[in-house]
file query.cif (mmCIF, N, CA and C atoms)
data_target
#
loop_
_atom_site.label_atom_id
_atom_site.label_comp_id
_atom_site.auth_asym_id
_atom_site.auth_seq_id
_atom_site.Cartn_x
_atom_site.Cartn_y
_atom_site.Cartn_z
N MET A 1 -22.47 13.96 -7.44
CA MET A 1 -21.04 13.88 -7.70
C MET A 1 -20.49 12.68 -6.93
N LYS A 2 -19.76 11.83 -7.61
CA LYS A 2 -19.18 10.65 -6.97
C LYS A 2 -17.99 11.05 -6.11
N SER A 3 -17.73 10.24 -5.09
CA SER A 3 -16.53 10.52 -4.30
C SER A 3 -15.31 10.11 -5.12
N SER A 4 -14.24 10.84 -4.92
CA SER A 4 -13.05 10.63 -5.72
C SER A 4 -12.07 9.69 -5.03
N GLN A 5 -11.43 8.84 -5.82
CA GLN A 5 -10.36 7.99 -5.32
C GLN A 5 -9.01 8.62 -5.66
N HIS A 6 -9.05 9.85 -6.15
CA HIS A 6 -7.84 10.56 -6.53
C HIS A 6 -6.94 10.74 -5.31
N ARG A 7 -5.64 10.78 -5.53
CA ARG A 7 -4.68 10.94 -4.43
C ARG A 7 -4.93 12.20 -3.62
N LEU A 8 -5.58 13.20 -4.22
CA LEU A 8 -5.89 14.43 -3.49
C LEU A 8 -7.36 14.48 -3.05
N GLY A 9 -8.05 13.36 -3.17
CA GLY A 9 -9.47 13.31 -2.86
C GLY A 9 -9.83 13.72 -1.44
N ASP A 10 -8.89 13.64 -0.52
CA ASP A 10 -9.17 14.03 0.86
C ASP A 10 -8.66 15.45 1.15
N ARG A 11 -8.32 16.20 0.11
CA ARG A 11 -7.82 17.57 0.28
C ARG A 11 -8.92 18.57 -0.08
N VAL A 12 -9.01 19.62 0.71
CA VAL A 12 -10.05 20.63 0.53
C VAL A 12 -9.98 21.27 -0.85
N VAL A 13 -8.77 21.67 -1.28
CA VAL A 13 -8.67 22.38 -2.56
C VAL A 13 -9.09 21.49 -3.73
N TRP A 14 -8.81 20.22 -3.63
CA TRP A 14 -9.24 19.28 -4.69
C TRP A 14 -10.76 19.23 -4.76
N GLN A 15 -11.40 19.11 -3.62
CA GLN A 15 -12.86 19.04 -3.60
C GLN A 15 -13.49 20.38 -4.01
N LEU A 16 -12.87 21.49 -3.63
CA LEU A 16 -13.36 22.81 -4.08
C LEU A 16 -13.31 22.90 -5.60
N ALA A 17 -12.20 22.46 -6.18
CA ALA A 17 -12.06 22.50 -7.63
C ALA A 17 -13.10 21.62 -8.31
N ARG A 18 -13.32 20.43 -7.76
CA ARG A 18 -14.33 19.53 -8.34
C ARG A 18 -15.73 20.12 -8.24
N ALA A 19 -16.05 20.74 -7.11
CA ALA A 19 -17.36 21.37 -6.96
C ALA A 19 -17.50 22.52 -7.95
N SER A 20 -16.45 23.29 -8.13
CA SER A 20 -16.47 24.40 -9.08
C SER A 20 -16.68 23.89 -10.51
N GLN A 21 -15.99 22.84 -10.88
CA GLN A 21 -16.16 22.26 -12.21
C GLN A 21 -17.57 21.75 -12.41
N HIS A 22 -18.12 21.12 -11.40
CA HIS A 22 -19.49 20.61 -11.48
C HIS A 22 -20.48 21.76 -11.66
N TRP A 23 -20.29 22.84 -10.89
CA TRP A 23 -21.17 24.00 -11.03
C TRP A 23 -21.04 24.59 -12.43
N GLN A 24 -19.84 24.68 -12.96
CA GLN A 24 -19.65 25.24 -14.30
C GLN A 24 -20.38 24.41 -15.35
N ARG A 25 -20.33 23.09 -15.21
CA ARG A 25 -21.08 22.23 -16.14
C ARG A 25 -22.57 22.49 -16.04
N LEU A 26 -23.08 22.58 -14.81
CA LEU A 26 -24.51 22.85 -14.60
C LEU A 26 -24.90 24.20 -15.19
N ALA A 27 -24.09 25.22 -14.95
CA ALA A 27 -24.39 26.56 -15.45
C ALA A 27 -24.36 26.59 -16.98
N ARG A 28 -23.35 25.93 -17.57
CA ARG A 28 -23.29 25.89 -19.05
C ARG A 28 -24.52 25.22 -19.62
N ARG A 29 -24.97 24.14 -18.96
CA ARG A 29 -26.18 23.44 -19.43
C ARG A 29 -27.41 24.35 -19.37
N GLU A 30 -27.55 25.05 -18.25
CA GLU A 30 -28.69 25.96 -18.09
C GLU A 30 -28.67 27.05 -19.16
N LEU A 31 -27.52 27.64 -19.37
CA LEU A 31 -27.40 28.73 -20.35
C LEU A 31 -27.60 28.21 -21.77
N ALA A 32 -27.04 27.05 -22.07
CA ALA A 32 -27.20 26.47 -23.42
C ALA A 32 -28.66 26.14 -23.69
N ALA A 33 -29.37 25.66 -22.68
CA ALA A 33 -30.78 25.34 -22.86
C ALA A 33 -31.59 26.60 -23.17
N ALA A 34 -31.11 27.74 -22.70
CA ALA A 34 -31.77 29.02 -22.99
C ALA A 34 -31.21 29.67 -24.25
N ASN A 35 -30.31 28.96 -24.92
CA ASN A 35 -29.73 29.42 -26.18
C ASN A 35 -28.88 30.69 -26.03
N VAL A 36 -28.15 30.78 -24.92
CA VAL A 36 -27.21 31.89 -24.72
C VAL A 36 -25.83 31.31 -24.41
N ARG A 37 -24.82 32.03 -24.82
CA ARG A 37 -23.44 31.58 -24.62
C ARG A 37 -22.94 32.04 -23.25
N THR A 38 -22.13 31.20 -22.63
CA THR A 38 -21.57 31.57 -21.33
C THR A 38 -20.69 32.82 -21.44
N GLN A 39 -20.06 33.01 -22.59
CA GLN A 39 -19.23 34.19 -22.79
C GLN A 39 -20.06 35.47 -22.67
N TYR A 40 -21.32 35.41 -23.09
CA TYR A 40 -22.20 36.57 -22.96
C TYR A 40 -22.32 36.98 -21.50
N TYR A 41 -22.46 35.97 -20.65
CA TYR A 41 -22.64 36.25 -19.23
C TYR A 41 -21.43 36.98 -18.66
N HIS A 42 -20.24 36.49 -18.98
CA HIS A 42 -19.01 37.12 -18.47
C HIS A 42 -18.92 38.59 -18.90
N VAL A 43 -19.20 38.84 -20.17
CA VAL A 43 -19.10 40.20 -20.71
C VAL A 43 -20.17 41.10 -20.07
N LEU A 44 -21.41 40.66 -20.10
CA LEU A 44 -22.51 41.50 -19.60
C LEU A 44 -22.38 41.74 -18.10
N ALA A 45 -22.01 40.71 -17.35
CA ALA A 45 -21.86 40.88 -15.89
C ALA A 45 -20.75 41.87 -15.57
N SER A 46 -19.65 41.79 -16.28
CA SER A 46 -18.55 42.71 -16.03
C SER A 46 -18.96 44.15 -16.35
N LEU A 47 -19.64 44.34 -17.47
CA LEU A 47 -20.08 45.69 -17.83
C LEU A 47 -21.09 46.23 -16.82
N ALA A 48 -22.00 45.38 -16.38
CA ALA A 48 -23.01 45.81 -15.41
C ALA A 48 -22.40 46.09 -14.05
N ASP A 49 -21.48 45.25 -13.62
CA ASP A 49 -20.91 45.36 -12.28
C ASP A 49 -19.75 46.36 -12.18
N ASP A 50 -18.93 46.40 -13.22
CA ASP A 50 -17.71 47.21 -13.15
C ASP A 50 -17.73 48.42 -14.07
N GLY A 51 -18.77 48.56 -14.88
CA GLY A 51 -18.91 49.74 -15.73
C GLY A 51 -18.36 49.56 -17.13
N ASP A 52 -18.62 50.58 -17.94
CA ASP A 52 -18.15 50.61 -19.32
C ASP A 52 -16.64 50.44 -19.34
N ALA A 53 -16.14 49.90 -20.46
CA ALA A 53 -14.69 49.68 -20.54
C ALA A 53 -14.23 49.69 -21.98
N ALA A 54 -12.98 50.06 -22.16
CA ALA A 54 -12.34 49.89 -23.46
C ALA A 54 -12.26 48.39 -23.73
N GLN A 55 -12.32 48.02 -25.00
CA GLN A 55 -12.31 46.59 -25.34
C GLN A 55 -11.12 45.87 -24.74
N ALA A 56 -9.94 46.45 -24.84
CA ALA A 56 -8.73 45.79 -24.32
C ALA A 56 -8.83 45.64 -22.80
N ALA A 57 -9.29 46.67 -22.13
CA ALA A 57 -9.43 46.59 -20.67
C ALA A 57 -10.47 45.55 -20.28
N LEU A 58 -11.55 45.48 -21.03
CA LEU A 58 -12.59 44.49 -20.75
C LEU A 58 -12.03 43.08 -20.93
N ALA A 59 -11.27 42.86 -21.98
CA ALA A 59 -10.66 41.54 -22.22
C ALA A 59 -9.77 41.16 -21.04
N ASP A 60 -8.98 42.11 -20.57
CA ASP A 60 -8.11 41.83 -19.42
C ASP A 60 -8.92 41.56 -18.16
N ARG A 61 -9.97 42.33 -17.97
CA ARG A 61 -10.81 42.23 -16.77
C ARG A 61 -11.47 40.87 -16.64
N ILE A 62 -11.88 40.30 -17.79
CA ILE A 62 -12.59 39.01 -17.74
C ILE A 62 -11.72 37.85 -18.25
N SER A 63 -10.43 38.13 -18.44
CA SER A 63 -9.46 37.11 -18.87
C SER A 63 -9.85 36.43 -20.18
N PHE A 64 -10.25 37.25 -21.16
CA PHE A 64 -10.56 36.75 -22.50
C PHE A 64 -9.44 37.16 -23.43
N ASP A 65 -9.14 36.32 -24.39
CA ASP A 65 -8.25 36.69 -25.47
C ASP A 65 -8.90 37.86 -26.22
N ARG A 66 -8.12 38.87 -26.53
CA ARG A 66 -8.68 40.09 -27.14
C ARG A 66 -9.37 39.82 -28.48
N SER A 67 -8.80 38.96 -29.29
CA SER A 67 -9.43 38.67 -30.59
C SER A 67 -10.71 37.86 -30.41
N ASP A 68 -10.75 36.97 -29.40
CA ASP A 68 -11.98 36.22 -29.12
C ASP A 68 -13.07 37.15 -28.62
N LEU A 69 -12.69 38.14 -27.83
CA LEU A 69 -13.67 39.08 -27.30
C LEU A 69 -14.33 39.87 -28.43
N VAL A 70 -13.57 40.22 -29.45
CA VAL A 70 -14.13 40.99 -30.56
C VAL A 70 -15.31 40.25 -31.19
N SER A 71 -15.17 38.94 -31.41
CA SER A 71 -16.27 38.19 -32.04
C SER A 71 -17.48 38.11 -31.10
N VAL A 72 -17.24 37.97 -29.79
CA VAL A 72 -18.35 37.94 -28.83
C VAL A 72 -19.05 39.30 -28.80
N LEU A 73 -18.26 40.37 -28.81
CA LEU A 73 -18.86 41.72 -28.83
C LEU A 73 -19.62 41.97 -30.12
N ASP A 74 -19.11 41.47 -31.23
CA ASP A 74 -19.84 41.61 -32.50
C ASP A 74 -21.23 40.98 -32.38
N GLU A 75 -21.29 39.77 -31.80
CA GLU A 75 -22.57 39.09 -31.62
C GLU A 75 -23.48 39.87 -30.68
N LEU A 76 -22.93 40.27 -29.53
CA LEU A 76 -23.75 40.99 -28.55
C LEU A 76 -24.24 42.33 -29.10
N GLU A 77 -23.42 42.99 -29.88
CA GLU A 77 -23.84 44.25 -30.48
C GLU A 77 -24.94 44.02 -31.52
N ARG A 78 -24.77 43.00 -32.35
CA ARG A 78 -25.78 42.67 -33.36
C ARG A 78 -27.12 42.34 -32.70
N LEU A 79 -27.07 41.71 -31.53
CA LEU A 79 -28.29 41.35 -30.79
C LEU A 79 -28.84 42.52 -29.97
N GLY A 80 -28.11 43.62 -29.91
CA GLY A 80 -28.57 44.80 -29.18
C GLY A 80 -28.28 44.80 -27.69
N HIS A 81 -27.35 43.95 -27.25
CA HIS A 81 -27.06 43.83 -25.82
C HIS A 81 -25.90 44.71 -25.35
N VAL A 82 -25.05 45.14 -26.29
CA VAL A 82 -23.98 46.09 -25.98
C VAL A 82 -23.89 47.11 -27.10
N VAL A 83 -23.28 48.24 -26.77
CA VAL A 83 -22.94 49.24 -27.79
C VAL A 83 -21.46 49.53 -27.66
N ARG A 84 -20.85 49.80 -28.80
CA ARG A 84 -19.45 50.23 -28.82
C ARG A 84 -19.42 51.64 -29.40
N ARG A 85 -18.71 52.50 -28.72
CA ARG A 85 -18.56 53.85 -29.25
C ARG A 85 -17.09 54.25 -29.16
N THR A 86 -16.71 55.14 -30.02
CA THR A 86 -15.33 55.59 -30.05
C THR A 86 -15.01 56.38 -28.80
N ASP A 87 -13.87 56.09 -28.21
CA ASP A 87 -13.40 56.82 -27.03
C ASP A 87 -13.06 58.25 -27.46
N PRO A 88 -13.71 59.23 -26.88
CA PRO A 88 -13.44 60.61 -27.30
C PRO A 88 -12.01 61.08 -27.02
N THR A 89 -11.32 60.41 -26.09
CA THR A 89 -9.94 60.81 -25.79
C THR A 89 -8.91 60.06 -26.64
N ASP A 90 -9.34 58.97 -27.28
CA ASP A 90 -8.44 58.19 -28.14
C ASP A 90 -9.29 57.50 -29.19
N ARG A 91 -9.37 58.08 -30.36
CA ARG A 91 -10.26 57.58 -31.40
C ARG A 91 -9.91 56.18 -31.89
N ARG A 92 -8.78 55.64 -31.46
CA ARG A 92 -8.39 54.27 -31.85
C ARG A 92 -9.05 53.22 -30.96
N ARG A 93 -9.61 53.66 -29.84
CA ARG A 93 -10.21 52.73 -28.87
C ARG A 93 -11.72 52.78 -28.92
N ASN A 94 -12.32 51.62 -28.68
CA ASN A 94 -13.77 51.52 -28.52
C ASN A 94 -14.10 51.34 -27.05
N ILE A 95 -15.13 52.05 -26.61
CA ILE A 95 -15.66 51.86 -25.26
C ILE A 95 -16.92 51.00 -25.40
N VAL A 96 -17.02 49.97 -24.58
CA VAL A 96 -18.15 49.04 -24.63
C VAL A 96 -19.05 49.32 -23.43
N ALA A 97 -20.36 49.35 -23.70
CA ALA A 97 -21.35 49.57 -22.64
C ALA A 97 -22.51 48.59 -22.82
N ILE A 98 -23.11 48.21 -21.70
CA ILE A 98 -24.29 47.35 -21.74
C ILE A 98 -25.51 48.21 -22.05
N THR A 99 -26.45 47.65 -22.80
CA THR A 99 -27.69 48.34 -23.12
C THR A 99 -28.80 47.87 -22.17
N PRO A 100 -29.94 48.54 -22.18
CA PRO A 100 -31.07 48.03 -21.39
C PRO A 100 -31.46 46.60 -21.78
N ALA A 101 -31.39 46.28 -23.07
CA ALA A 101 -31.69 44.90 -23.50
C ALA A 101 -30.65 43.93 -22.96
N GLY A 102 -29.40 44.37 -22.90
CA GLY A 102 -28.34 43.54 -22.33
C GLY A 102 -28.54 43.34 -20.84
N GLN A 103 -28.99 44.38 -20.15
CA GLN A 103 -29.27 44.28 -18.71
C GLN A 103 -30.41 43.29 -18.47
N LYS A 104 -31.42 43.33 -19.34
CA LYS A 104 -32.54 42.40 -19.22
C LYS A 104 -32.08 40.96 -19.44
N LEU A 105 -31.25 40.75 -20.46
CA LEU A 105 -30.72 39.41 -20.71
C LEU A 105 -29.87 38.95 -19.53
N LEU A 106 -29.06 39.84 -18.98
CA LEU A 106 -28.22 39.49 -17.84
C LEU A 106 -29.07 39.05 -16.65
N THR A 107 -30.15 39.75 -16.39
CA THR A 107 -31.05 39.39 -15.30
C THR A 107 -31.62 37.98 -15.52
N GLU A 108 -31.99 37.68 -16.76
CA GLU A 108 -32.50 36.34 -17.08
C GLU A 108 -31.40 35.29 -16.91
N MET A 109 -30.19 35.64 -17.33
CA MET A 109 -29.07 34.71 -17.19
C MET A 109 -28.71 34.50 -15.72
N ASP A 110 -28.83 35.56 -14.91
CA ASP A 110 -28.60 35.41 -13.48
C ASP A 110 -29.49 34.31 -12.91
N GLN A 111 -30.73 34.30 -13.30
CA GLN A 111 -31.67 33.30 -12.79
C GLN A 111 -31.23 31.89 -13.19
N LEU A 112 -30.69 31.74 -14.38
CA LEU A 112 -30.21 30.43 -14.82
C LEU A 112 -28.97 30.00 -14.02
N VAL A 113 -28.09 30.95 -13.76
CA VAL A 113 -26.89 30.67 -12.97
C VAL A 113 -27.28 30.31 -11.53
N TYR A 114 -28.25 31.04 -10.99
CA TYR A 114 -28.72 30.73 -9.63
C TYR A 114 -29.35 29.35 -9.58
N ALA A 115 -30.06 28.97 -10.64
CA ALA A 115 -30.67 27.63 -10.69
C ALA A 115 -29.59 26.55 -10.69
N ALA A 116 -28.50 26.80 -11.41
CA ALA A 116 -27.38 25.85 -11.42
C ALA A 116 -26.78 25.73 -10.02
N GLU A 117 -26.64 26.87 -9.34
CA GLU A 117 -26.10 26.85 -7.98
C GLU A 117 -27.04 26.07 -7.05
N ASP A 118 -28.33 26.28 -7.19
CA ASP A 118 -29.28 25.55 -6.36
C ASP A 118 -29.17 24.04 -6.58
N ARG A 119 -28.99 23.65 -7.85
CA ARG A 119 -28.83 22.22 -8.14
C ARG A 119 -27.56 21.67 -7.50
N LEU A 120 -26.48 22.44 -7.56
CA LEU A 120 -25.23 22.00 -6.96
C LEU A 120 -25.36 21.84 -5.45
N LEU A 121 -26.01 22.80 -4.82
CA LEU A 121 -26.10 22.84 -3.36
C LEU A 121 -27.29 22.08 -2.80
N GLU A 122 -28.05 21.42 -3.66
CA GLU A 122 -29.23 20.68 -3.24
C GLU A 122 -29.00 19.76 -2.03
N PRO A 123 -27.86 19.07 -1.96
CA PRO A 123 -27.66 18.17 -0.81
C PRO A 123 -27.46 18.88 0.52
N LEU A 124 -27.25 20.20 0.50
CA LEU A 124 -26.97 20.93 1.73
C LEU A 124 -28.22 21.62 2.27
N SER A 125 -28.33 21.66 3.58
CA SER A 125 -29.42 22.40 4.20
C SER A 125 -29.15 23.89 4.08
N ALA A 126 -30.14 24.70 4.39
CA ALA A 126 -29.97 26.16 4.35
C ALA A 126 -28.85 26.59 5.29
N GLY A 127 -28.79 26.00 6.46
CA GLY A 127 -27.75 26.33 7.43
C GLY A 127 -26.37 25.93 6.93
N GLU A 128 -26.27 24.77 6.31
CA GLU A 128 -24.98 24.33 5.76
C GLU A 128 -24.53 25.25 4.64
N ARG A 129 -25.47 25.69 3.81
CA ARG A 129 -25.13 26.62 2.72
C ARG A 129 -24.59 27.93 3.29
N LYS A 130 -25.24 28.42 4.35
CA LYS A 130 -24.81 29.67 4.98
C LYS A 130 -23.42 29.51 5.57
N THR A 131 -23.17 28.38 6.22
CA THR A 131 -21.85 28.12 6.81
C THR A 131 -20.80 28.00 5.71
N LEU A 132 -21.11 27.27 4.65
CA LEU A 132 -20.17 27.11 3.54
C LEU A 132 -19.82 28.46 2.93
N LEU A 133 -20.81 29.30 2.71
CA LEU A 133 -20.56 30.63 2.15
C LEU A 133 -19.66 31.45 3.07
N ALA A 134 -19.93 31.40 4.36
CA ALA A 134 -19.11 32.16 5.31
C ALA A 134 -17.67 31.66 5.31
N LEU A 135 -17.49 30.36 5.28
CA LEU A 135 -16.14 29.80 5.28
C LEU A 135 -15.39 30.15 4.00
N LEU A 136 -16.06 30.00 2.86
CA LEU A 136 -15.43 30.32 1.59
C LEU A 136 -15.11 31.81 1.49
N SER A 137 -15.98 32.64 2.02
CA SER A 137 -15.74 34.08 2.03
C SER A 137 -14.48 34.41 2.82
N ARG A 138 -14.29 33.72 3.93
CA ARG A 138 -13.07 33.94 4.73
C ARG A 138 -11.83 33.52 3.97
N LEU A 139 -11.92 32.40 3.26
CA LEU A 139 -10.77 31.92 2.48
C LEU A 139 -10.44 32.85 1.31
N ALA A 140 -11.45 33.49 0.75
CA ALA A 140 -11.27 34.32 -0.44
C ALA A 140 -10.73 35.70 -0.14
N GLN A 141 -10.62 36.06 1.13
CA GLN A 141 -10.11 37.39 1.49
C GLN A 141 -8.66 37.51 1.08
N ASP A 142 -8.33 38.67 0.54
CA ASP A 142 -6.94 38.92 0.13
C ASP A 142 -6.09 39.35 1.29
#

call {"tool": "encode", "arguments": {"input": "query.cif", "output": "structure tokens"}}
result
Amino acid sequence: MKSSQHRLGDRVVWQLARASQHWQRLARRELAAANVRTQYYHVLASLADDGDAAQAALADRISFDRSDLVSVLDELERLGHVVRRTDPTDRRRNIVAITPAGQKLLTEMDQLVYAAEDRLLEPLSAGERKTLLALLSRLAQD
């Protein structure tokens, strides 16, 4: 990553944003090379980490447009990575759950995301990575 001549180039938040954008590009490349969509990762990770959800709640949870989520869920369901079932308490709602095949794909995608992170952090030593993580964790506290 080149150093920035931007007026905010000497500001921490600017550099954090640039690093985040760079990581996102690396992760998208890794996932695209494996022929999986980044949207799959967001959906599967949320279902695995936060549990089954109504479609609308899932869209809100991962900040997806509800109509866009429907097409992603259609693909994931066709591929066998999620199942949708009618909510027994409200037959108008679908509950989405990850399948074992979806969990397997998520594990494979995790490895691709971790590889992107390793590429991003390559210039840092193990100690610097640990320090960076600790500092960012402190900043991220609510």

call {"tool": "closest_residue", "arguments": {"input": "query.cif", "among": "A:Ile95, A:Leu31, A:Leu79, A:Val72", "to": "Met109 in chain A", "atoms": "only N, CA and C atoms"}}
result
A:Leu31

call {"tool": "select_by_dssp", "arguments": {"input": "query.cif", "residues": "chain A", "states": "helix (DSSP H, G or I)", "output": "VMD selection string"}}
result
chain A and resid 12 to 33 38 to 50 55 to 61 66 to 78 100 to 121 126 to 140

call {"tool": "select_by_dssp", "arguments": {"input": "query.cif", "residues": "chain A", "states": "strand (DSSP E)", "output": "ChimeraX atom specification"}}
result
/A:53-54,82-87,90-98

call {"tool": "closest_residue", "arguments": {"input": "query.cif", "among": "A:Val70, A:Ala115, A:Leu139, A:Ala45", "to": "Leu26 in chain A", "atoms": "all atoms listed in the file"}}
result
A:Ala115

call {"tool": "atom_distance", "arguments": {"input": "query.cif", "atom1": "CA of Ala54 in chain A", "atom2": "CA of Glu108 in chain A"}}
result
25.1 Å

call {"tool": "closest_residue", "arguments": {"input": "query.cif", "among": "A:Leu44, A:Leu121, A:Ile62, A:Leu135", "to": "Trp23 in chain A", "atoms": "only N, CA and C atoms"}}
result
A:Leu121

call {"tool": "residues_around", "arguments": {"input": "query.cif", "residues": "Asn94 in chain A", "least_positions_apart": "6", "cutoff": "6.5 Å", "atoms": "only N, CA and C atoms", "output": "number ranges by chain"}}
result
A: 53-55, 84-87

call {"tool": "write_last_selection", "arguments": {"input": "query.cif", "atoms": "N, CA and C atoms", "output": "mmCIF file, in the frame of the given file"}}
result
data_model
loop_
_atom_site.group_PDB
_atom_site.id
_atom_site.type_symbol
_atom_site.label_atom_id
_atom_site.label_comp_id
_atom_site.auth_asym_id
_atom_site.auth_seq_id
_atom_site.Cartn_x
_atom_site.Cartn_y
_atom_site.Cartn_z
ATOM 1 N N ALA A 53 -16.140 49.900 -20.460
ATOM 2 C CA ALA A 53 -14.690 49.680 -20.540
ATOM 3 C C ALA A 53 -14.230 49.690 -21.980
ATOM 4 N N ALA A 54 -12.980 50.060 -22.160
ATOM 5 C CA ALA A 54 -12.340 49.890 -23.460
ATOM 6 C C ALA A 54 -12.260 48.390 -23.730
ATOM 7 N N GLN A 55 -12.320 48.020 -25.000
ATOM 8 C CA GLN A 55 -12.310 46.590 -25.340
ATOM 9 C C GLN A 55 -11.120 45.870 -24.740
ATOM 10 N N ARG A 84 -20.850 49.800 -28.800
ATOM 11 C CA ARG A 84 -19.450 50.230 -28.820
ATOM 12 C C ARG A 84 -19.420 51.640 -29.400
ATOM 13 N N ARG A 85 -18.710 52.500 -28.720
ATOM 14 C CA ARG A 85 -18.560 53.850 -29.250
ATOM 15 C C ARG A 85 -17.090 54.250 -29.160
ATOM 16 N N THR A 86 -16.710 55.140 -30.020
ATOM 17 C CA THR A 86 -15.330 55.590 -30.050
ATOM 18 C C THR A 86 -15.010 56.380 -28.800
ATOM 19 N N ASP A 87 -13.870 56.090 -28.210
ATOM 20 C CA ASP A 87 -13.400 56.820 -27.030
ATOM 21 C C ASP A 87 -13.060 58.250 -27.460
#

call {"tool": "atom_distance", "arguments": {"input": "query.cif", "atom1": "CA of Phe64 in chain A", "atom2": "CA of Asp110 in chain A"}}
result
20.2 Å

call {"tool": "closest_residue", "arguments": {"input": "query.cif", "among": "A:Gln15, A:Glu75, A:Tyr41, A:Glu122", "to": "Leu105 in chain A", "atoms": "only N, CA and C atoms"}}
result
A:Tyr41

call {"tool": "atom_distance", "arguments": {"input": "query.cif", "atom1": "atom C of Pro88 in chain A", "atom2": "atom C of Ala59 in chain A"}}
result
20.9 Å

call {"tool": "closest_residue", "arguments": {"input": "query.cif", "among": "A:Leu8, A:His22, A:Val36, A:Val13", "to": "Leu112 in chain A", "atoms": "only C-alpha atoms"}}
result
A:Val36

call {"tool": "resolve_selection", "arguments": {"input": "query.cif", "expression": "the PyMOL selection byres (((chain A and resi 83 and name CA) around 6) and name CA)", "output": "number ranges by chain"}}
result
A: 77, 82, 84, 96-97

call {"tool": "residues_around", "arguments": {"input": "query.cif", "residues": "Asp118 in chain A", "least_positions_apart": "4", "cutoff": "12 Å", "atoms": "only C-alpha atoms", "output": "count of residues only"}}
result
14

call {"tool": "residues_around", "arguments": {"input": "query.cif", "residues": "Arg61 in chain A", "least_positions_apart": "5", "cutoff": "10 Å", "atoms": "only C-alpha atoms", "output": "count of residues only"}}
result
8
